[in-house]
Amino acid sequence: MNLVCPATSPANYVFLHGKRSTIVLETYAGEAPIWRYWGPRLPDGVLPPAALRDSRPLPSFMLDFDQPLSVMPTFGVGWFGQSALLAHRAGREFAQAWTSYEALWITPGREVILRLEDAVAQIRADISLRMDPHSDVLVARTALTNLGAEALDVQWLAALTLPLPGQCDQVRSYVGQHLHEFMLQTDRLSRSLWRRENRRGRTSHDCFPGAVVCAPGAGYDCGQVYGAHLAWSGNHQQTIEWLHDGQYQWQLGEWLAPGEGRVEPGHTLETPEVVASFSAAGWNGLAANFHSELRARLDWPGGQMSPRPVHLNTWEGFYFDVHPEQVKQLASAGAEIGIERFVLDDGWFHGRHHDRAALGDWWPDEDKFPQGLAEIVNHVTGLGMEFGLWFEPEMINPDSDLYRAHPDWALQLAGRPLITARNQLVLDIARPEAANYLFEKMSALLSAHPIRYIKWDHNRDLTTAGLTGGGPAYRAQVLAVYALMGRLRAAHPRVEIESCSGGGGRIDFAVLRHTHRVWTSDCIDALSRIDIQRGFLQFFPPEIMGAHVGTAPAHTTGRSQSMAFRAAVALPGHLGVELDVRSLTASEKAELSAWIALYKQLRGRLHGGPVWIGEGQDGLLWQAHGMEADVAGSNQGEIILFVYYPVPTTHRYTPPLRLPMLDCAADYRVTQLGPAGADVSAMERAQAPLFDAVGTAEGMQFNGAWLAHGGMPMPRLKAEASYIVRIEKANSRLPPT
């Protein structure tokens, strides 16, 4: 029998430094590295004053061997908190403990693989950690290898275990539903377990795989905050647990269905990536970190993002009633107002006249398009626009030629009834013949026509999701869709893909390795969109945020807003139009065209740089977009500010709006923006003498310190109105206004 004693060898340390943050791990040869620190940047060379076990005495009624939080705590050998691994071999070998450790450096101080082995359980874990030196984003994942002679059944494998300091008191997560994604949920941290789980088979509308943990006093632009996101488009789980030293641990990983974690001898189970970051500059500082990481991983055609073209999508204009003449008429009307990309949505393929049939039959409907799609594609491209096409590859209708030929290709469980949603089943694309069928049908259209864009939809959750042999299909389905997207991109590198899943049901950093835009929500109501888009921007940058000008009244809510308000809410994202332009009056067309022209003028400033979100008094909500990616905000040369008035005023005088990201040592010129030539009353002109000249070059001069601390005067507007200004550094300091 071997007795376990506290380690007596000197502690070694692993340091990962970002620009403004540091990670410190305490390491010994015979156990997993111990978490010592994650927080503000430490000076080079700073070491903990003592090994952790030497700095905290053991309490009464305690094991004789202290086991602090490690990078991979395990069950059954003295750790009583949430374990990062739960596994067994046929009910045996259910406990694990790491018996050796090695650090494999890829880039010293930046990227390392922590290799752990358990000689008793015969497993190895490789934990990859990469700290970006500029964005302070940590990207991590775990690979578990079965070194034994029998299969290992894994119930839970955390992608990463993170430490959180005990002063953290709040967690901000995002819940929701179809038509109302990214609803902010704020919970107090306590000794009670905080957990979020999703078992819908896709990222989901109601359980976003990420959160932000806050220290006291954290806000938009100040305070210490910790954020993490699981880059995975399927089932997931995250847990925050109070520990007995007053700290917290945070685990994120894939939720494994029974049987999905079986690892055969010599095989490896890899987790999704965790993308995590610390910021001392509040929620906006954290958002800037996440935006930087995502921008670095987006695989743009040609290697870099081109200006985001203005969309026109046919869905809310026509729904399934797409026929060549009216589609061409809509395209022509769109070209007249400045549309740059025309997307033919659902309803174009064989037998697709409603949502009850035809998914899987991916060739043009012979009645609607007897000449195929060439007539429409040539018309659209002849007008100078790109052509895009809607697919829902992962789905199949029972009423389809594909299902009649291959009913076994639908995900199903023997003896269980098939459960439809939106009259559709899920196609088993982990089955090679099904994936090949989809690739051939889609690739044939992409080869035959200059299609530059795919709207890739996924309109239901997974149920009775069984593979051919009866095993669970959730994980295999996600990996198969990544593979299919990658295969299509490799064959057609000029094509961009939008991830849509009933709106915002599949938005995550993993699907965005293969796609370039997401459809934020099926709800285009501008009032609803303000909150949806603000939640989205905590993790994702505006240039991939599909944001459309819809009809009034909105199809999903029945509410009506002015064209100006609808356009101003959509303008900061990737702008699109989702209505029948032909039905607009001449003045409405002129106004929408003017807003599109304004977007084209501003998109180089709205996309690619930092974004700030904030709240003012009297219900005001605002966001600002800068040109320079300086997270501290000390060198902002030009900013576009959007102020929204979602509710009626409760003040006799509108309070000024403070803008803390501005350089207090600079002077700024502030100019109101609006679409050129638009009717002033239609764009809800600011009723303030300070800005009488709408859109003029003169503007007004302000001291940056006054704008940051005293605030900018705000106009008095009605509810559901907007106000847009350009804030630019002045060439020379003028007397304060």
# chains A, B, ... in the order shown; residues from 1 in each chain; ligands from 1
>>> residues_around(residues="stretch 708-713 of chain A", least_positions_apart="5", cutoff="10 Å", atoms="only C-alpha atoms", output="ChimeraX atom specification")
/A:616,654-664,670,688,690-691,702-703
>>> select_by_dssp(residues="stretch 384-587 of chain A", states="helix (DSSP H, G or I)", output="ChimeraX atom specification")
/A:401-405,407-409,432-448,474-491,511-513,526-536,542-544,563-570,581-583,586-587
>>> atom_distance(atom1="atom CA of A:Thr551", atom2="atom CA of A:Tyr723")
20.7 Å
>>> residues_around(residues="A:Asp136", least_positions_apart="5", cutoff="12 Å", atoms="only C-alpha atoms", output="ChimeraX atom specification")
/A:16-23,38-41,110,130-131,226-227,275-280,285-293,631
>>> select_by_dssp(residues="stretch 543-696 of chain A", states="strand (DSSP E or B)", output="MDAnalysis selection string")
chainID A and resid 545:549 574:577 611:615 621:626 638:645 657 667:673
>>> atom_distance(atom1="atom CA of A:Val212", atom2="atom CA of A:Pro572")
23.3 Å
>>> atom_distance(atom1="atom CA of A:Asp531", atom2="atom CA of A:Leu298")
24.9 Å
>>> closest_residue(among="A:Asp345, A:Glu254, A:Gly317, A:Val310", to="A:His574", atoms="only C-alpha atoms")
A:Val310
>>> residues_around(residues="A:His267", least_positions_apart="4", cutoff="6 Å", atoms="only C-alpha atoms", output="JSON, numbers by chain")
{"A": [145, 146, 263]}
>>> write_last_selection(atoms="C-alpha atoms", output="mmCIF file, in the first residue's frame")
data_model
loop_
_atom_site.group_PDB
_atom_site.id
_atom_site.type_symbol
_atom_site.label_atom_id
_atom_site.label_comp_id
_atom_site.auth_asym_id
_atom_site.auth_seq_id
_atom_site.Cartn_x
_atom_site.Cartn_y
_atom_site.Cartn_z
ATOM 1 C CA THR A 145 -6.448 9.124 -25.197
ATOM 2 C CA ASN A 146 -7.277 5.601 -24.089
ATOM 3 C CA VAL A 263 -13.217 5.672 -26.550
#
